[in-house]
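Here is the structure we will look at, set down as structure tokens.
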Amino acid sequence: MSRPGRDDAPDRLYTITGGRSGAGPDNPFDLVTLVVAESEPATGMQSEHAAILRLAEFPVSVVEVAAELRLPVSITKILLGDLLVAGRVSARHPHRPAITDPDILEQVLVGLRNL
Amino acid sequence: MTAPTHPGDRPSLRRLAPTIALTAVVSALAVVAAVTAAPHSVRVPLALGGSAAALLLCAAVTWAVHAGRAARGARRRLETVSQDIGRLLQQQARTTEEARQEQQRLIDELAQQRSEFADSFEQERARIHQDSSQELDWYRQENTRLAAGLERANRERASAIAAASNAAGRMQALATATLADLRAMEERHTGEDVLADLLHLDHRTAQAGRLADSIAVLTGARSGRRWARPISMESILRGAMGRISGYRRVRVHSVSEAAVAGHAAEGVMHALAELLDNAANFSPPTAEVHVYVEEVPSGVIVSVEDSGLVMGDVQLRRAEQAVAGDTSGLGGLTGTRLGLAVVGRLAAKHGLKVSFRPSARGGTGVLMLVPQDLLARPVAEEPALPNGTPSPEPVPAQADPVHESAEPDDAATEDEDADGPTGLPRRRRGRTLAEAERKAAHQPAEPRPAPAAEDARVRAARFNSFRQAVRPAGPDSDAGSEAHGTSGAADETARYAPAPTHDPVPAPHPESDPKAPSHQHAYPEGDTTS
């Protein structure tokens, strides 16, 4: 949640996505999809796209991308979808979750919340 | 006689003839008688002497008669002349008298007329004086009345403008707070339908905010928002696009790395929004509006080209005049076309130069020059660049002269402030997050400047959005069900998702507290200008 303050960016979300509010049904990204950049940022590219390409130099999850960009995940998915269509990123799902035990997850969540 | 004689004065010989003849006869008789009576001896001498005497007598009688007559004529003439002289004298005297009388009469008349004139002049003067004093009184009253009216009109105008300005400021604050709320909701609700609705509301609110900004600019209120850091040209353009209805038709062609200094960013954005709105409104609803950004030595030129109506000469001149900023009053406003007047005000305020020309696309092109002194190098975008990655050309000397020069010892105090008791960054007014990042970025050879407050903040934000992203992965989201391996975890986290709303642990930072409704800080924000 961003506070209304002096440091907000003037961009509205709908201008970042060109008016699209949701990814299409063929958008393959979910929260934990790993994204890897396939190319360098090019000049004239939208700054979010360039930022994603820089972030995704090594595999990074969609959630992390969204957090780094400080954008909602839905918006991030749209941007990633653009890049995927353009062939600038590739996406893959993790083979299996690293942690499957719900207790550990819960402990992590509580610990993080108390941070 | 020496005096000239009149022909009648000299006795003519004919009138003397009877006298001469009578004398001659008488003397001839006397001579004859004497001769007859005398003896013969003396007769001859006697005849001779008698004849001579007779002749002499005749001559003497003639001369005497003549002289007498001449004297009589002369006396008569003298009398005539004397009478003439007397008459002339009388006449002269009479004439003199008449002249004197006439003169006197004229003098009297003149004096009378003069007095009359003086009287009438005096009356006239008095009348005029009275009239003029009346008129002067009237004018004075009228002047007083008009001055009072003007005073009242000025007061009403000032209060109306103040009211409008105040209302616009509150509208701005409301719009800003609403936009922030909407942004927060957009972060919170990931359902695509909800997000679409929120974005729609966001767009509408942004347009309403632009209208409030326009009124604020026209009424001389302070501009809506102040950005504490330079805003990149891309964000400027997108911010401008976000405030117009037809933003989907705007195509931006920009590779500019420039950024607009924070104090001018809002004005540039607003002016661009008005120009874009004009271009979009005066072109066919399907035509695109193209925006080109070009860096020139004197600044950055933003050109807005539409393919709509070509402005005529009169319209061009009027538009140029409107954006020249010389419309000192509000009299030229027509109610529906505030845009160019707003642009003019903003151009005059920030030193922007706006000009119009026919566009190669068939419509009108608008050039806006953002002068060099409003520009700053873009700072590293905090979410875009992970820690330590410098921007391609970090030129700190040009970065945002306002903050650099105003607070030279900013860094020291900021470092002291940064590590507060909570370890979270404490931002003061005018302190930019971006600057802190930039300073962190310039620390050499430290890929992750370890305990920087900003890092903690980023981590908190990342975790926050992770949690937000995870939470609604419930029944309405397809995120968790796609991948086989993650479905279990997603369900588990979905079960824990409502937990934060009942979390008794007080949140250390408002940004990590999802429960805090954004309305709570909306009202303080809204009251800042009221």
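Following the order of the structure tokens, first chain is A, next is B, and so on, with residues numbered from 1 inside each chain and ligands from 1 in the order they appear.
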
Just list the residues in chain A DSSP gives strand (DSSP E or B) on the backbone, as a ChimeraX atom specification. /A:34-37,60-61,89-92

Just to be explicit: take each residue in the selection above, keep N, CA and C atoms, and write the result as a PDB file, in the first residue's frame.
ATOM      1  N   LEU A  34       8.709 -18.128 -12.773  1.00  0.00           N
ATOM      2  CA  LEU A  34      10.045 -17.539 -12.833  1.00  0.00           C
ATOM      3  C   LEU A  34      10.242 -16.903 -14.203  1.00  0.00           C
ATOM      4  N   VAL A  35      10.810 -15.735 -14.183  1.00  0.00           N
ATOM      5  CA  VAL A  35      10.974 -14.964 -15.408  1.00  0.00           C
ATOM      6  C   VAL A  35      12.459 -14.779 -15.636  1.00  0.00           C
ATOM      7  N   VAL A  36      12.889 -14.964 -16.856  1.00  0.00           N
ATOM      8  CA  VAL A  36      14.283 -14.721 -17.209  1.00  0.00           C
ATOM      9  C   VAL A  36      14.299 -13.823 -18.443  1.00  0.00           C
ATOM     10  N   ALA A  37      15.169 -12.836 -18.361  1.00  0.00           N
ATOM     11  CA  ALA A  37      15.270 -11.931 -19.499  1.00  0.00           C
ATOM     12  C   ALA A  37      15.990 -12.617 -20.635  1.00  0.00           C
ATOM     13  N   VAL A  60      13.736 -14.701 -11.700  1.00  0.00           N
ATOM     14  CA  VAL A  60      13.076 -13.986 -10.618  1.00  0.00           C
ATOM     15  C   VAL A  60      11.583 -14.259 -10.742  1.00  0.00           C
ATOM     16  N   SER A  61      10.907 -14.285  -9.609  1.00  0.00           N
ATOM     17  CA  SER A  61       9.494 -14.644  -9.673  1.00  0.00           C
ATOM     18  C   SER A  61       8.648 -13.413  -9.970  1.00  0.00           C
ATOM     19  N   VAL A  89      11.384 -12.024 -22.791  1.00  0.00           N
ATOM     20  CA  VAL A  89      11.565 -12.820 -21.579  1.00  0.00           C
ATOM     21  C   VAL A  89      11.024 -14.217 -21.854  1.00  0.00           C
ATOM     22  N   SER A  90      11.466 -15.112 -21.029  1.00  0.00           N
ATOM     23  CA  SER A  90      10.861 -16.439 -21.061  1.00  0.00           C
ATOM     24  C   SER A  90      10.410 -16.760 -19.652  1.00  0.00           C
ATOM     25  N   ALA A  91       9.398 -17.595 -19.553  1.00  0.00           N
ATOM     26  CA  ALA A  91       8.815 -17.903 -18.255  1.00  0.00           C
ATOM     27  C   ALA A  91       8.829 -19.404 -18.052  1.00  0.00           C
ATOM     28  N   ARG A  92       9.066 -19.783 -16.855  1.00  0.00           N
ATOM     29  CA  ARG A  92       8.910 -21.208 -16.538  1.00  0.00           C
ATOM     30  C   ARG A  92       8.418 -21.316 -15.108  1.00  0.00           C
TER      31      ARG A  92
END

Spatial neighbours of Leu71 in chain A, 10 Å, only C-alpha atoms, chain gap at least 3 places, as a ChimeraX atom specification: /A:1,13,16,48,63,65-68,74-77 /B:183,186-187,383,465

Selection above as a file: N, CA, C and O atoms, as a short mmCIF file (atom, residue, chain, number, x, y, z; two decimals), in the first residue's frame:
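Okay, part01.cif is ready:
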data_model
loop_
_atom_site.label_atom_id
_atom_site.label_comp_id
_atom_site.auth_asym_id
_atom_site.auth_seq_id
_atom_site.Cartn_x
_atom_site.Cartn_y
_atom_site.Cartn_z
N MET A 1 0.86 -1.20 0.00
CA MET A 1 0.00 0.00 0.00
C MET A 1 0.88 1.23 0.00
O MET A 1 1.80 1.35 0.78
N LEU A 13 -1.82 3.73 -13.14
CA LEU A 13 -1.60 2.36 -13.59
C LEU A 13 -2.14 2.14 -14.99
O LEU A 13 -1.56 1.42 -15.79
N ILE A 16 0.28 2.98 -17.57
CA ILE A 16 1.40 2.05 -17.71
C ILE A 16 1.01 0.90 -18.64
O ILE A 16 1.79 0.44 -19.46
N GLU A 48 9.22 0.52 -17.42
CA GLU A 48 8.92 -0.68 -16.63
C GLU A 48 9.45 -1.93 -17.33
O GLU A 48 9.98 -2.84 -16.69
N VAL A 63 6.14 -12.35 -8.44
CA VAL A 63 5.85 -11.58 -7.23
C VAL A 63 7.00 -10.64 -6.90
O VAL A 63 6.79 -9.49 -6.53
N VAL A 65 9.14 -9.43 -9.02
CA VAL A 65 9.13 -8.34 -10.01
C VAL A 65 8.10 -7.29 -9.61
O VAL A 65 8.37 -6.08 -9.61
N ALA A 66 6.92 -7.77 -9.22
CA ALA A 66 5.87 -6.83 -8.85
C ALA A 66 6.29 -6.01 -7.65
O ALA A 66 6.06 -4.79 -7.59
N ALA A 67 6.95 -6.65 -6.70
CA ALA A 67 7.36 -5.91 -5.51
C ALA A 67 8.43 -4.89 -5.85
O ALA A 67 8.42 -3.77 -5.36
N GLU A 68 9.38 -5.28 -6.70
CA GLU A 68 10.44 -4.34 -7.06
C GLU A 68 9.87 -3.17 -7.84
O GLU A 68 10.29 -2.03 -7.66
N SER A 74 -1.32 -7.87 -11.01
CA SER A 74 -2.06 -7.94 -12.28
C SER A 74 -1.40 -7.07 -13.34
O SER A 74 -1.25 -7.48 -14.50
N ILE A 75 -1.02 -5.86 -12.92
CA ILE A 75 -0.37 -4.96 -13.86
C ILE A 75 0.97 -5.55 -14.31
O ILE A 75 1.32 -5.53 -15.49
N THR A 76 1.68 -6.11 -13.35
CA THR A 76 2.97 -6.72 -13.69
C THR A 76 2.78 -7.85 -14.69
O THR A 76 3.57 -8.02 -15.61
N LYS A 77 1.72 -8.61 -14.49
CA LYS A 77 1.47 -9.71 -15.43
C LYS A 77 1.23 -9.18 -16.84
O LYS A 77 1.69 -9.78 -17.82
N ARG B 183 -5.10 4.03 -5.67
CA ARG B 183 -3.87 3.27 -5.92
C ARG B 183 -3.70 2.17 -4.88
O ARG B 183 -3.33 1.03 -5.20
N GLU B 186 -6.03 -0.50 -5.70
CA GLU B 186 -5.56 -1.26 -6.86
C GLU B 186 -4.48 -2.25 -6.43
O GLU B 186 -4.35 -3.32 -7.01
N GLU B 187 -3.69 -1.84 -5.44
CA GLU B 187 -2.69 -2.79 -4.94
C GLU B 187 -3.34 -3.93 -4.19
O GLU B 187 -2.85 -5.05 -4.18
N PRO B 383 12.31 1.59 -7.78
CA PRO B 383 11.94 0.18 -7.96
C PRO B 383 12.62 -0.43 -9.16
O PRO B 383 12.81 -1.63 -9.21
N SER B 465 3.95 -6.55 -0.52
CA SER B 465 3.24 -6.85 -1.75
C SER B 465 3.19 -8.36 -1.99
O SER B 465 2.26 -8.87 -2.59
#

What separates CA of Ala259 in chain B and CA of Glu234 in chain B is a distance of 8.3 Å

CA of Gln134 in chain B to CA of Glu151 in chain B: how many Å, to one decimal?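 Straight-line distance from CA of Gln134 in chain B to CA of Glu151 in chain B works out to 24.8 Å.
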
Enter the distance from CA of Arg210 in chain B to CA of His270 in chain B, in Å, rounded to one decimal.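 Spanning CA of Arg210 in chain B to CA of His270 in chain B is a straight-line distance of 7.2 Å.
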
Which residue of B:Asp197, B:Glu79, B:Glu122, B:Asp137 approaches chain A most closely, using only C-alpha atoms: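 Distance minimum relative to chain A lands on B:Asp197.
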
Counting only C-alpha atoms, the residue of B:Gly149, B:Gly239, B:Gly169, B:Gly209 that sits nearest chain A: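 With only C-alpha atoms as the atom set, the closest residue is B:Gly239.
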
Here is a test: counting only C-alpha atoms, which residue of A:Pro102, A:Gly87, A:Pro41, A:Pro59 is nearest to chain B?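 Closest residue, counting only C-alpha atoms: A:Pro102.
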
What lies within 10 Å of Ser214 in chain B using only C-alpha atoms, ignoring chain neighbours under 4 positions off, as a list in words? Ala168, Gln172, Ala208, Gly209, Arg210, Leu218, Thr219, Gly220, Ala221, Ser223, Gly224, His270, Ala271, Glu274, Leu338, Gly339, Ala341, Val342, Val343, Arg345 and Leu346 of chain B

Save out the residues we just selected, all heavy atoms, as a short mmCIF file (atom, residue, chain, number, x, y, z; two decimals), in the first residue's frame.
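Final output, out_9.cif:
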data_model
loop_
_atom_site.label_atom_id
_atom_site.label_comp_id
_atom_site.auth_asym_id
_atom_site.auth_seq_id
_atom_site.Cartn_x
_atom_site.Cartn_y
_atom_site.Cartn_z
N ALA B 168 -11.12 24.86 -5.24
CA ALA B 168 -10.28 24.09 -6.16
C ALA B 168 -9.16 23.41 -5.40
O ALA B 168 -8.83 22.25 -5.68
CB ALA B 168 -9.71 25.00 -7.24
N GLN B 172 -8.56 19.60 -5.26
CA GLN B 172 -7.28 18.99 -5.61
C GLN B 172 -6.84 18.01 -4.53
O GLN B 172 -6.42 16.88 -4.83
CB GLN B 172 -6.22 20.09 -5.71
CG GLN B 172 -6.21 20.82 -7.01
CD GLN B 172 -5.14 21.87 -6.96
OE1 GLN B 172 -4.99 22.57 -5.96
NE2 GLN B 172 -4.39 22.00 -8.01
N ALA B 208 -11.02 14.59 -13.09
CA ALA B 208 -11.61 15.58 -12.19
C ALA B 208 -10.51 16.39 -11.51
O ALA B 208 -10.63 17.61 -11.34
CB ALA B 208 -12.48 14.88 -11.16
N GLY B 209 -9.44 15.71 -11.16
CA GLY B 209 -8.33 16.42 -10.53
C GLY B 209 -7.72 17.42 -11.48
O GLY B 209 -7.31 18.51 -11.06
N ARG B 210 -7.66 17.07 -12.75
CA ARG B 210 -7.10 18.03 -13.71
C ARG B 210 -8.00 19.27 -13.80
O ARG B 210 -7.50 20.39 -13.87
CB ARG B 210 -6.98 17.40 -15.09
CG ARG B 210 -6.47 18.37 -16.13
CD ARG B 210 -6.10 17.66 -17.40
NE ARG B 210 -7.27 17.11 -18.07
CZ ARG B 210 -7.97 17.76 -18.98
NH1 ARG B 210 -7.63 18.96 -19.34
NH2 ARG B 210 -9.02 17.19 -19.55
N LEU B 218 -6.07 28.93 -12.71
CA LEU B 218 -6.69 30.17 -13.19
C LEU B 218 -7.00 31.11 -12.05
O LEU B 218 -7.00 32.32 -12.23
CB LEU B 218 -7.97 29.84 -13.96
CG LEU B 218 -7.75 29.19 -15.30
CD1 LEU B 218 -9.06 28.84 -15.93
CD2 LEU B 218 -6.96 30.09 -16.20
N THR B 219 -7.28 30.58 -10.90
CA THR B 219 -7.60 31.45 -9.78
C THR B 219 -6.37 31.78 -8.96
O THR B 219 -6.47 32.43 -7.94
CB THR B 219 -8.64 30.80 -8.86
OG1 THR B 219 -8.19 29.51 -8.51
CG2 THR B 219 -9.97 30.70 -9.55
N GLY B 220 -5.23 31.34 -9.43
CA GLY B 220 -4.00 31.74 -8.77
C GLY B 220 -3.70 30.98 -7.51
O GLY B 220 -2.85 31.40 -6.73
N ALA B 221 -4.36 29.87 -7.30
CA ALA B 221 -4.02 29.07 -6.13
C ALA B 221 -2.70 28.36 -6.39
O ALA B 221 -2.20 28.32 -7.51
CB ALA B 221 -5.12 28.07 -5.83
N SER B 223 -0.24 25.31 -7.02
CA SER B 223 -0.49 24.15 -7.87
C SER B 223 -0.70 22.93 -6.99
O SER B 223 -0.34 22.91 -5.81
CB SER B 223 0.67 23.92 -8.82
OG SER B 223 1.80 23.58 -8.08
N GLY B 224 -1.30 21.94 -7.58
CA GLY B 224 -1.84 20.84 -6.79
C GLY B 224 -0.80 20.06 -6.01
O GLY B 224 -0.88 19.95 -4.80
N HIS B 270 0.71 19.33 -16.21
CA HIS B 270 -0.63 19.88 -16.40
C HIS B 270 -0.75 20.57 -17.75
O HIS B 270 -1.73 20.37 -18.48
CB HIS B 270 -0.92 20.86 -15.26
CG HIS B 270 -2.33 21.32 -15.22
ND1 HIS B 270 -2.75 22.33 -14.42
CD2 HIS B 270 -3.41 20.91 -15.90
CE1 HIS B 270 -4.02 22.52 -14.59
NE2 HIS B 270 -4.46 21.68 -15.50
N ALA B 271 0.26 21.36 -18.10
CA ALA B 271 0.21 22.04 -19.40
C ALA B 271 0.16 21.02 -20.53
O ALA B 271 -0.62 21.15 -21.48
CB ALA B 271 1.42 22.95 -19.55
N GLU B 274 -3.24 19.53 -20.82
CA GLU B 274 -4.20 20.39 -21.53
C GLU B 274 -3.95 20.35 -23.03
O GLU B 274 -4.90 20.30 -23.83
CB GLU B 274 -4.09 21.82 -21.02
CG GLU B 274 -4.44 21.99 -19.55
CD GLU B 274 -5.92 21.75 -19.28
OE1 GLU B 274 -6.69 21.70 -20.25
OE2 GLU B 274 -6.28 21.60 -18.11
N LEU B 338 -10.99 26.28 -21.20
CA LEU B 338 -10.05 26.76 -20.20
C LEU B 338 -8.62 26.38 -20.56
O LEU B 338 -7.68 26.98 -20.08
CB LEU B 338 -10.38 26.16 -18.84
CG LEU B 338 -11.78 26.42 -18.31
CD1 LEU B 338 -11.97 25.68 -17.01
CD2 LEU B 338 -11.97 27.89 -18.09
N GLY B 339 -8.50 25.39 -21.43
CA GLY B 339 -7.21 24.73 -21.58
C GLY B 339 -6.07 25.66 -21.94
O GLY B 339 -5.04 25.69 -21.27
N ALA B 341 -5.87 28.87 -21.78
CA ALA B 341 -5.59 29.88 -20.76
C ALA B 341 -4.76 29.27 -19.64
O ALA B 341 -3.82 29.89 -19.13
CB ALA B 341 -6.90 30.45 -20.22
N VAL B 342 -5.09 28.03 -19.30
CA VAL B 342 -4.30 27.34 -18.27
C VAL B 342 -2.87 27.16 -18.74
O VAL B 342 -1.91 27.41 -18.01
CB VAL B 342 -4.96 25.99 -17.94
CG1 VAL B 342 -4.07 25.18 -17.04
CG2 VAL B 342 -6.29 26.21 -17.28
N VAL B 343 -2.74 26.75 -20.00
CA VAL B 343 -1.39 26.57 -20.54
C VAL B 343 -0.64 27.89 -20.49
O VAL B 343 0.55 27.94 -20.15
CB VAL B 343 -1.48 26.02 -21.98
CG1 VAL B 343 -0.10 25.97 -22.60
CG2 VAL B 343 -2.07 24.64 -21.98
N ARG B 345 -1.07 30.41 -18.44
CA ARG B 345 -0.64 30.72 -17.07
C ARG B 345 0.56 29.89 -16.68
O ARG B 345 1.54 30.39 -16.12
CB ARG B 345 -1.78 30.42 -16.09
CG ARG B 345 -2.99 31.30 -16.24
CD ARG B 345 -2.66 32.70 -15.83
NE ARG B 345 -3.82 33.56 -15.93
CZ ARG B 345 -4.64 33.81 -14.93
NH1 ARG B 345 -4.40 33.29 -13.77
NH2 ARG B 345 -5.68 34.59 -15.11
N LEU B 346 0.48 28.60 -16.98
CA LEU B 346 1.57 27.72 -16.58
C LEU B 346 2.85 28.07 -17.32
O LEU B 346 3.94 28.03 -16.76
CB LEU B 346 1.18 26.26 -16.83
CG LEU B 346 0.10 25.74 -15.90
CD1 LEU B 346 -0.39 24.40 -16.38
CD2 LEU B 346 0.64 25.61 -14.50
#

Would you list the contacts of Tyr292 in chain B as a compact mmCIF listing (two decimals) with all heavy atoms, in the first residue's frame, taking every protein, DNA or RNA residue within 9 Å and counting only C-alpha atoms, but skipping same-chain residues closer than 3 positions in sequence?
# COMPACT_ATOMS: atom_id res chain seq x y z
N ARG B 251 0.15 8.43 -28.69
CA ARG B 251 1.33 7.60 -28.93
C ARG B 251 2.56 8.44 -28.60
O ARG B 251 2.74 9.52 -29.15
CB ARG B 251 1.39 7.17 -30.40
CG ARG B 251 0.25 6.27 -30.82
CD ARG B 251 0.44 4.87 -30.30
NE ARG B 251 -0.76 4.07 -30.58
CZ ARG B 251 -1.79 3.96 -29.74
NH1 ARG B 251 -1.76 4.61 -28.60
NH2 ARG B 251 -2.84 3.22 -30.05
N VAL B 252 3.37 7.91 -27.73
CA VAL B 252 4.55 8.65 -27.29
C VAL B 252 5.77 8.09 -28.00
O VAL B 252 5.96 6.88 -28.05
CB VAL B 252 4.71 8.53 -25.76
CG1 VAL B 252 5.98 9.20 -25.33
CG2 VAL B 252 3.51 9.14 -25.07
N HIS B 253 6.56 8.99 -28.56
CA HIS B 253 7.82 8.59 -29.17
C HIS B 253 8.91 9.36 -28.43
O HIS B 253 9.13 10.53 -28.70
CB HIS B 253 7.86 8.93 -30.65
CG HIS B 253 6.63 8.48 -31.39
ND1 HIS B 253 6.51 7.22 -31.92
CD2 HIS B 253 5.45 9.09 -31.63
CE1 HIS B 253 5.33 7.09 -32.48
NE2 HIS B 253 4.65 8.21 -32.32
N SER B 254 9.51 8.70 -27.49
CA SER B 254 10.48 9.42 -26.67
C SER B 254 11.62 8.50 -26.31
O SER B 254 11.40 7.37 -25.88
CB SER B 254 9.81 9.94 -25.40
OG SER B 254 10.79 10.32 -24.48
N ILE B 301 12.08 19.79 -26.24
CA ILE B 301 10.90 20.18 -27.00
C ILE B 301 9.95 19.00 -27.03
O ILE B 301 10.32 17.91 -27.44
CB ILE B 301 11.26 20.62 -28.42
CG1 ILE B 301 11.96 21.97 -28.38
CG2 ILE B 301 10.03 20.70 -29.29
CD1 ILE B 301 12.30 22.48 -29.72
N VAL B 302 8.74 19.23 -26.58
CA VAL B 302 7.69 18.23 -26.66
C VAL B 302 6.73 18.71 -27.74
O VAL B 302 6.20 19.82 -27.64
CB VAL B 302 6.95 18.07 -25.33
CG1 VAL B 302 5.91 16.97 -25.45
CG2 VAL B 302 7.92 17.76 -24.23
N SER B 303 6.57 17.91 -28.77
CA SER B 303 5.62 18.33 -29.80
C SER B 303 4.45 17.37 -29.82
O SER B 303 4.61 16.16 -29.72
CB SER B 303 6.29 18.38 -31.17
OG SER B 303 6.79 17.13 -31.50
N VAL B 304 3.29 17.97 -29.88
CA VAL B 304 2.03 17.21 -29.87
C VAL B 304 1.39 17.41 -31.23
O VAL B 304 1.08 18.53 -31.62
CB VAL B 304 1.09 17.72 -28.76
CG1 VAL B 304 -0.21 16.96 -28.80
CG2 VAL B 304 1.74 17.56 -27.41
N GLU B 305 1.26 16.34 -31.98
CA GLU B 305 0.75 16.45 -33.34
C GLU B 305 -0.57 15.69 -33.44
O GLU B 305 -0.63 14.52 -33.07
CB GLU B 305 1.74 15.85 -34.33
CG GLU B 305 3.16 16.30 -34.10
CD GLU B 305 3.64 17.18 -35.23
OE1 GLU B 305 3.02 17.13 -36.29
OE2 GLU B 305 4.61 17.91 -35.02

Please list as a list in words every residue within 10 Å of Thr43 in chain A, counting only C-alpha atoms and excluding residues in the same chain fewer than 5 positions away.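 The residues satisfying every condition are Ala50 of chain A; Ser254, Val255, Ser256 and Glu257 of chain B.
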
Please write the residues from the selection above to a file, keeping N, CA, C and O atoms, as a PDB file, in the first residue's frame.
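Okay, this is what ended up in again_23.pdb:
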ATOM      1  N   ALA A  50      11.988  -2.044 -19.334  1.00  0.00           N
ATOM      2  CA  ALA A  50      13.432  -2.041 -19.166  1.00  0.00           C
ATOM      3  C   ALA A  50      13.793  -2.489 -17.760  1.00  0.00           C
ATOM      4  O   ALA A  50      14.754  -3.261 -17.567  1.00  0.00           O
TER       5      ALA A  50
ATOM      6  N   SER B 254       9.514   8.703 -27.493  1.00  0.00           N
ATOM      7  CA  SER B 254      10.483   9.425 -26.671  1.00  0.00           C
ATOM      8  C   SER B 254      11.621   8.498 -26.309  1.00  0.00           C
ATOM      9  O   SER B 254      11.401   7.371 -25.877  1.00  0.00           O
ATOM     10  N   VAL B 255      12.818   8.970 -26.507  1.00  0.00           N
ATOM     11  CA  VAL B 255      13.969   8.257 -25.967  1.00  0.00           C
ATOM     12  C   VAL B 255      14.718   9.184 -25.020  1.00  0.00           C
ATOM     13  O   VAL B 255      15.850   8.937 -24.664  1.00  0.00           O
ATOM     14  N   SER B 256      14.057  10.244 -24.618  1.00  0.00           N
ATOM     15  CA  SER B 256      14.747  11.252 -23.830  1.00  0.00           C
ATOM     16  C   SER B 256      15.009  10.734 -22.427  1.00  0.00           C
ATOM     17  O   SER B 256      14.170  10.076 -21.820  1.00  0.00           O
ATOM     18  N   GLU B 257      16.170  11.014 -21.938  1.00  0.00           N
ATOM     19  CA  GLU B 257      16.529  10.646 -20.572  1.00  0.00           C
ATOM     20  C   GLU B 257      16.300  11.799 -19.619  1.00  0.00           C
ATOM     21  O   GLU B 257      16.608  11.705 -18.436  1.00  0.00           O
TER      22      GLU B 257
END

For a quick check of understanding, using only C-alpha atoms, which of A:Leu69, A:Leu105, A:Val62, A:Leu115 has the smallest distance to Val32 in chain A?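 For Val32 in chain A, the nearest of the candidates is A:Val62.
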